Structures are given as structure tokens and as C-alpha cells.
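Colleague: First the structure, which I've put down as C-alpha cells, then a few questions once you've had a look.
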Amino acid sequence: MTRGGYLDSGYQYGVDAEAPTTAIDMRGGRGRSGLRWNTGADLGLLVLRLVLGVIFMAHGAQKMFGSFGGPGIAGFTRYLEEAGFREAGRLAWITAGTELGGGALLVVGLFTPLAAAGLLGVMINVIWLKWSGGFFLAEGKGYEFELALAAMSAALVFAGAGRTALDRAIPGIRRPLGAGLVCLVIGVAAAVAVHILLRGPAT
């Protein structure tokens, strides 16, 4: 039963059935605000996903196919060898595949927290490699660009893809705080493991 658009308990109906809403306590005159999806947030996440996804897809294509003047797998493998990584050939394929596949998943908004966590892991290793070159990008030595990509990826790990995405139909991923934390741990752990196990002193 309702009276004049309000519940008998004294709280107003929410507008968005898909999200927690802002409730108004008519008895005490105070409001309780909750998280609420809106068109602006959805559009913002869509722009973030598209831009970040296309950037990573382009970088992955450079590494895997030599597109856009990239090194291709052979050239990227040599780069990893020169950077001190073991199993460079296998790592080159994994990295290129993560960037290409993860970027594509971001564009369509599918398994967004996991895809973004994988891309974050790649960026953590790049920042690790460029750390001694300083923050500002100068002659390709700084890591400011990679840090921006890492931060954008981390934002999508927690925020998810929004409602304009395939993730909307997957329970637990639409608002992925819990799933995002798990994916974040996996992504960071994978990045640290790659750097320590494949670039540390050979045993």
C-alpha cells in the first residue's frame, strides 16, 4: 500500500529499479543517499572503455602483427630479451594477446573487470621497467603515459562497464566491487610474478 507516491514506512519510491536509490525519510526530514546509475555515468564509462580499448588493441596489433609501424612478435621478443626477460618468445605472445584481447573486451564491455585487470598487470610491468627513467615522458623513457593507462584500467576494474555493455546481463559483474577486488589481486599478482620469476636472476 502506498499513499501519495510514498511507502507506508515513509520512504519515497526510487526511480531507477536497477540501482540503489536515494531514499527520503518523511518522518525525520532527512535523506539517505545511495549509489545510483545515471545516463552521465554510463556515457562516461562508455567513452573510457572505447578509448582505452582501442589504444590497447592498437598496441597489441603492433606487437603481434607489426601493424602501425610496430615491431611484430619477432621484434617485441628481441625487446623483451634485451630487457632481461627469460622465455621472451612466450611472454611476447601472452603480452600481445592480453593487449589485443583485453582491449577488444573493453570495447564491447564483456568481462570488463578481468580484462581491465589483465591490462593493468601489463602496465605495472612496463612502469617497473621504465621507473628509472623518471615520471615525465622524455625520449620514451618516462612512465607517465603508462601510469595514466594503468589508472584508467584500475578504474574500470572497480566501476565496471556501465549499462551500455554486455556485462549488464552477467550477475556480479554489472557492479563489480567484489569481483573487481578479486580481479585486481590476480592482475597485480601476475604482474609481480612475471617480473620476479622471468626477469630475476636465473637459477
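By order in the C-alpha cells, chains are A, B, ...; within a chain, residues start at 1; ligands start at 1, following the order shown.
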Going by DSSP on the backbone, which residues of range 11-198 of chain A come out as alpha helix (DSSP H)? List them as an MDAnalysis selection string.

Modeller: chainID A and resid 39:65 72:82 88:108 112:130 144:159 177:198

Colleague: I'd like the neighbourhood of Leu198 in chain A as an MDAnalysis selection string, where a residue qualifies if any of its atoms comes within 6 Å (using only C-alpha atoms), though same-chain residues fewer than 4 positions away should be ignored.

Modeller: chainID A and resid 85:86 194

Colleague: So that I can see what lies close to Leu80 in chain A, please list as JSON, numbers by chain the residues with an atom at most 12 Å from it, counting only C-alpha atoms and leaving out residues fewer than 6 positions away in the same chain.

Modeller: {"A": [63, 71, 73, 74, 86, 87, 88, 89, 90, 91, 92, 93, 95, 125, 126, 129, 194, 195, 198, 199]}

Colleague: For the residues in that selection, give me C-alpha atoms as a short mmCIF file (atom, residue, chain, number, x, y, z; two decimals), in the first residue's frame.

Modeller:
data_model
loop_
_atom_site.label_atom_id
_atom_site.label_comp_id
_atom_site.auth_asym_id
_atom_site.auth_seq_id
_atom_site.Cartn_x
_atom_site.Cartn_y
_atom_site.Cartn_z
CA LYS A 63 53.31 -6.24 -31.09
CA PRO A 71 57.85 -4.40 -34.14
CA ILE A 73 56.31 -10.65 -32.48
CA ALA A 74 59.94 -11.11 -33.55
CA ARG A 86 63.56 -15.15 -19.93
CA GLU A 87 61.01 -17.08 -22.02
CA ALA A 88 60.78 -13.91 -24.09
CA GLY A 89 59.02 -15.52 -27.05
CA ARG A 90 56.21 -16.96 -24.95
CA LEU A 91 55.92 -13.76 -22.93
CA ALA A 92 55.70 -11.71 -26.15
CA TRP A 93 52.68 -13.71 -27.34
CA THR A 95 51.52 -9.75 -23.68
CA ASN A 125 55.44 -4.31 -15.66
CA VAL A 126 56.04 -1.51 -18.17
CA LEU A 129 60.82 -1.29 -16.46
CA VAL A 194 56.22 -12.23 -14.28
CA HIS A 195 58.75 -9.60 -13.26
CA LEU A 198 61.05 -14.19 -15.56
CA ARG A 199 63.35 -11.24 -15.05
#

Colleague: Given the choices A:Ile173, A:Val192, A:Ile55, A:Ala41, which gets closest to Phe145 in chain A if the distance is worked out from only C-alpha atoms?

Modeller: A:Ile55

Colleague: Excluding Thr164 in chain A and any residue of its chain fewer than 3 positions from it, enumerate the residues within 10 Å of it, using only C-alpha atoms, and give them as a list in words.

Modeller: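 In the requested form, the answer reads Thr39, Asp42, Leu43, Leu45, Leu46, Val108, Gly109, Ala161, Asp167 and Arg168 of chain A.
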
Colleague: Which of these, A:Arg163, A:Glu81, A:Ile186, A:Gly69, has the shortest distance to Asn38 in chain A once you count only C-alpha atoms?

Modeller: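 Selected residue with least distance to Asn38 in chain A: A:Arg163.
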
Colleague: Taking into account only C-alpha atoms, which residue in the set A:Leu48, A:Ala155, A:Leu114, A:Ile127 is nearest to Val182 in chain A?

Modeller: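 Smallest distance to Val182 in chain A is found for A:Leu114.
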